[in-house]
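Here is the structure we will look at.
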Amino acid sequence: MVRSSSLNGDSSASHRRTPSRTVTLGHIQPQAPSCRTVYCNDRDSNMPVRFKGNSISTTKYNVFTFLPKGLFEQFRRIANIYFLGISCLSLTPISPVSPITNVAPLSMVLLVSLIKEAFEDWKRFQNDMSINNSTVEILQGQQWVPIPWRKLQVGDIVKIKQDAFFPADILFLSSTNPDGICYVETANLDGETNLKIRKALERTWDYLVPEKASEFKGEIQCEQPNNSLYTFTGNLVVQKQTLPLSPDQLLLRGCSLRNTEYIVGAVVFTGHETKVMMNAMNAPSKRSTLEKKLDKLIITIFCVLLTMCLIGAIGCSIVTDREDLYLGLQKSDWEYHNRLAIGFFTFFTLITLFSSIIPISLYVSIEMIKFIQSTQFINRDLNMYHAETNTPALARTSNLNEELGQVEYIFSDKTGTLTRNLMEFFKCSIGGISYGCGVTEIERGIAQRNGLKVHEEERSTGAIREKGFNFDDPRLMRGAWRNEPDPDLCKELFRCLAICHTVLPEGDESPEKIVYQAASPDEAALVTAAKNFGFFFYRRTPTTVYVRESHVEKMGKIQDVAYEILNVLEFNSTRKRQSVVCRYPDGRLVLYCKGADNVIFERLADGMDDVRKVTREHLEHFGSSGLRTLCLAYRDLDPETYNSWNEKFIQAKSALRDREKKLDEVAELIEKDLTLIGSTAIEDKLQEGVPNCIETLSRAGIKIWVLTGDKMETAINIAYACNLINNDMKQFIISSETDAIREAEERGDQVEIARVIKEEVKKELRKSLEEAQLYMHTVAGPKLALVIDGKCLMYALDPSLRVTLLSLSLNCTSVVCCRVSPLQKAQVTSLVRKGAKKITLSIGDGANDVSMIQAAHVGIGISGMEGMQAVMASDFAIAQFRFLTDLLLVHGRWSYLRICKVVMYFFYKNLTFTLTQFWFTFRTGFSGQRFYDDWFQSLYNVFFTALPVIVLGLFEKDVSASLSKRYPELYREGIRNSFFKWRVVAVWATSAVYQSLVCYLFVTTSSFGAINSSGKIFGLWDVSTLVFTCLVIAVNVRILLMSNSITRWHYITVGGSILAWLVFAFVYCGITTSRDRNENVYFVIYVLMSTFYFYFTLLLIPAVSLLGDFIYQWVERWFYPYDYQIVQEIHRHESDASKADHLEIENELTPQEARSYAISQLPRELSKHTGFAFDSPGYESFFASQLGVYAPQKAWDVARRASMRSRPKVPKK
Amino acid sequence: MPSNSASSSAAAAAGSADSSTSRRNSKRPKYSKFTQQELPACKPILTPGWVILTFLVVSVIFIPLGVVSLFASQDVVEIVDRYDNDCIPAPARANKVAYIQGAADKTCNRTIVVPKKMKQPIYVYYELENFYQNHRRYVKSRSDAQLRSVKDENQIDACKPEDDVNGKPIVPCGLIAWSLFNDTYVLSKNNQTLNVSKKGIAWKSDREHKFGKNVFPKNFQMGNITGGGKLIPDVPLSEQEDLIVWMRTAALPTFRKLYGKIETDLQENDTIHVILKNNYNTYSFDGKKKLVLSTTSWLGGKNDFLGIAYLTVGGICFFLALAFTIMYLVKPRRLGDPTYLSWNRVPGGGR
């Protein structure tokens, strides 16, 4: 068997050396025509080539480039350019304002932004340094010397110890394992935790110890650095012998070594030339949708500004033509003659004057608000802290906080995100009796939705709970099965579990300490189950399985039994079953088979209809509870039948052509007339709270798509478990596993296959869409779900079908894409993002999710697990899927609300301010005279109105966090973008016009005559200061009017801002300087305050300004209330704290009730879904084969190979 | 933030290396009301009660204030006499500019009848219309430093075009001073001259701090064109209050400036005879000139606007309070009515 498999491997290896196509994760890079030659263990020979070093740098700046490059980055922002222009303009004499008015705010803004950039780059630098300085051992002379990674050079011989990361791309030479293999974990590359096998060339196996390794003088000729992770071609020339190299010998940077003491290798690619670095795309910097809309608003404001200036310019050129002798215009002045010139210059004068209409501090304030939101609120939210992994949430960017409040589509990875990748034996059915009394997460979820609280079930005393086993039923445990109606069948079930698998035991041969190495966690769970039932599988040799059986002959007796394994009929996705033929010590020949229910049921012997029916019911129940089921069956064989079959089997096994197919055919001959034992149900442990979270999110109007590399069955199963799909839904399944496609594939013509699949997909899509539209028109039609697999998706994403796919999937409540490659995940994401223009969020945990995370508007990585890839590419990292509820419904929604309010407020306050200036322009003969003092104008934005809005941006809450989660529907206001529409802008603009008119007109009208009892008159600066004071008060108090939640910080900042203005005015108006400046406002505030008139206006004008807004707000609330306002009203008498954990406390059920409830949840009608799902190492081979890459090992081979290692007779090298 | 796989992997490596040490110090965020966003807050909801109460409070405050200020304004007696047109002899009206720039005698006699008893002090104002004292070119044409101190008499950069005469700085320089208003009024009642006092017509702060006690006019009105009034050369600027008043530029093109005050009461139907020198040229830009006599109240001059505004706003608020009360009684909406929630309104919008 070993022989044949290695043969198999060799043949495919030679086959793949002419790859038909190369698919890479990122963009395909053109191959350089030349190749690289590396002299191993010979630094001098490599010198002339000057390979890149192994140090990496991901910083944006260095000390010298920081200022120019950083400033350049800042001035890529259009607003900053604008203010630079305005600042330049204000240096010229045409400006009515002094340069300080514009320069001061701009420099403040730039300074703050630059400090932030510098800080972020410093963190990147530190990160790089810690990587570059981690150590690796290289060969120098005859010994291993540790050096930092950055000093590593191409051609060096390195030693990597177990669990260490590879510092560069390394050619694998030798390993402590026999036959030159090592195991690598590629979680950082593709997110798969399955171990992969790499195999060194036999010729180099010996170079393991330093003495030998130092003799190694090889020459590697290989391709130039490229970004294709799954290809590598080259030759190793050693002692005049040329050996071909394949990806099997390449250990990639970013992977880590597992289950191998250490390996020795030669460095081929270093630093930025490693495949993983070549693959690393700079994360595209994301801007939130709201910010893009903000740009539009800014442009609109800019247009308004131009219009205002144009009006002024035209007015000026008309008016100035008078002979205003007091202006001292000489006949020689250009102003006297040229109207066009007057208009032209006035235009620019007015631009500088009105420049404040564009809120310069807006960006800085928003950045500050978002920064605090992410670092203080999101990162420190206790609700998003996961105690088990000690991981708090992490906002890696602060750009996207408000984007979280508008997400409409969530694309989720399955393994590690929705599920824990932890399989637990949960229930079983033996001979028509269902065992196991646990309640699954989904059942609990349904119960909770129906208002019942399922208590964490009391476990019966002594129930065993370990990894992979979560089963509790006293009827089976500790030999109690002997008293069950059919103990023999129980025994068969246990033996089937203990024998029919490809698991390897490792470690001590005791039930407590043994570790099962399995290709899939399902298998490990089944074997663990057998162990706990008293059938302890503890040793495997290539031909024998040893099981320590308890209670078989009589209670309490333990005996070791060796079962001879005669044949293994492997699992694959067409067969959907796996069988083992074994011989009992007493000579009994049995075939044990486990597999999908439909496959097993077809092959059952006649006359067991009752059991079959009951078992099917159980399967359906298991399936709808989100459990993964397998059917178990056995068949007693008589020696003659077996021998004759075995001959055929051996023949098929040694066939050179179509071996797989022949083996399948032979298997069919014996896998029949089976006796049904029963079924097992394994819980693919969901992450905690996933079904509830999904339920909440879907109530919030968010649609969740699952994109997974798993097989269709598994994916559907999880969709059931997460309540994304249920039996009431109309499901459209577009699968490549149809007869037509399979037929085409068997013919093997690539073009033909493509054509057939495309046709099939097209047909299916059209049909489904028609049907979907039919349902959409009916009022109470079922909800729709779409399931599509990767192969079909490849064709469905074709431009000609894309629209159909999109309109079909947008009609569906849930979409499940299975067997998709990372690239396809990204494609699907962009399909919705670009095609449907919806805001998307991707969440995943592995490197295979990176592209998807980057493609979506918001990328979320699951942190706290091993792989960091997803987190590094993400915008936010959370420890659990369920934290999405908090992240989106609480933080996202609030951030959206806050940012909207902040933006609107900025817009309003600057418009109000500038409009008073504008109205004044009409009364100055359009001369562009400023209304306010320079310092008033420049400090208006950065000082007198800056803080309250930041407080608003931090503390504004419409409803409390718990209500946000209790009324997820509130989130839809964000999806609809209710708070940032042109309608809202218009309302604010109206308010600004109204308030500016009130402030300006009221003051100017009423201050015409004498304003105190001594008959004195106000001058220009008295009037403007009065208007300014009214404005500062009105604008600041407006904050309180628009706040839903007023903390003491609101009072402090609002009061403080007004006070700051007054204090400033007192000081500023009280001083004179020797400099020649127009001390226009000298003593103005004291003059104002000496009059009664001042106080009368100060009460009247802000009140009148705000009255309009007050009435509007009230009318809106009363007649057209927002949802949040209604919720506020419903809960107006509740304080925040009392309801903090409202969601947790509900009525509870006793265990008995819980159990009866679980039973009552049995499906009423026959449903289709029975929950078969079994993970063989399907994904890797699928993925590899899809990429046209050779997948060398089958699960069985892994088991074989590893088992050989445990044999003592193999000498260790 | 650009990141890449290799850095991340090594970061992970580094992370796992020191994870054992950091396991002890938990990363659990510390609780604070700030970070958990649970700061105590007042959550105002605009319930009908609050709204009506607000309106009522506003009207209760505003209406009395309106009444008070309206009364104050009503107490003020104001006489306005426009003379720019009448003071030009009928034959010269065809070309007013030529007349005003000519050398003819500009004396003009006006008669004003006092409609109501005016208690002293009675303030005399001149009012100009269409005179853009707030024009950009005009406003900036002055030198505060020069006005304040003799040392700085050469700081005349801002004063163009009235900055110097033959290289010698003008004090006070600039267009504002240059265009000083120079009509004069001599008031008499029953052939008895009414004393018009010019003391204390400017703001005290201007007098004491902005215009120096030792700054005397120099080279003033010596240029080619004479803009307006002349100054007495040997009186310091701080005592030339006409100039000080004039140089506190007005906010709007129509403005009043204090000319002086009469410190005797005027009785109803008193006839005031004004001998007026119509020197100032407002004719080239169609400016109007008016003579104003006015008393003041504690709130200042005649100013109905404030009172009316207060009354109107108070009235509107009262009306709104009433209207909302009625509307609330007629067509109430239950507070927190779940049927108003959008997902309850739209059929099938629940999920």
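Chain identifiers are assigned as A, B, and so on, following the order in which chains appear in the structure tokens; residues are numbered from 1 within each chain, and ligands are numbered from 1 in order of appearance.
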
What residues in region 61-187 of chain B get the DSSP label alpha helix (DSSP H)? Please answer as number ranges by chain.
B: 61-75, 96-101, 136-139, 144-148, 175-178

Would you please work out which residue, of A:Gln162, A:Phe125, A:Ser356, A:Phe979, is nearest to Asn62 (chain A) when using only C-alpha atoms?
A:Phe125

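Of the residues listed (A:Gly431, A:Gly953, A:Pro822, A:Pro948), A:Gly431 shows the shortest atom-to-atom separation from Glu492 (chain A); distances use only C-alpha atoms.
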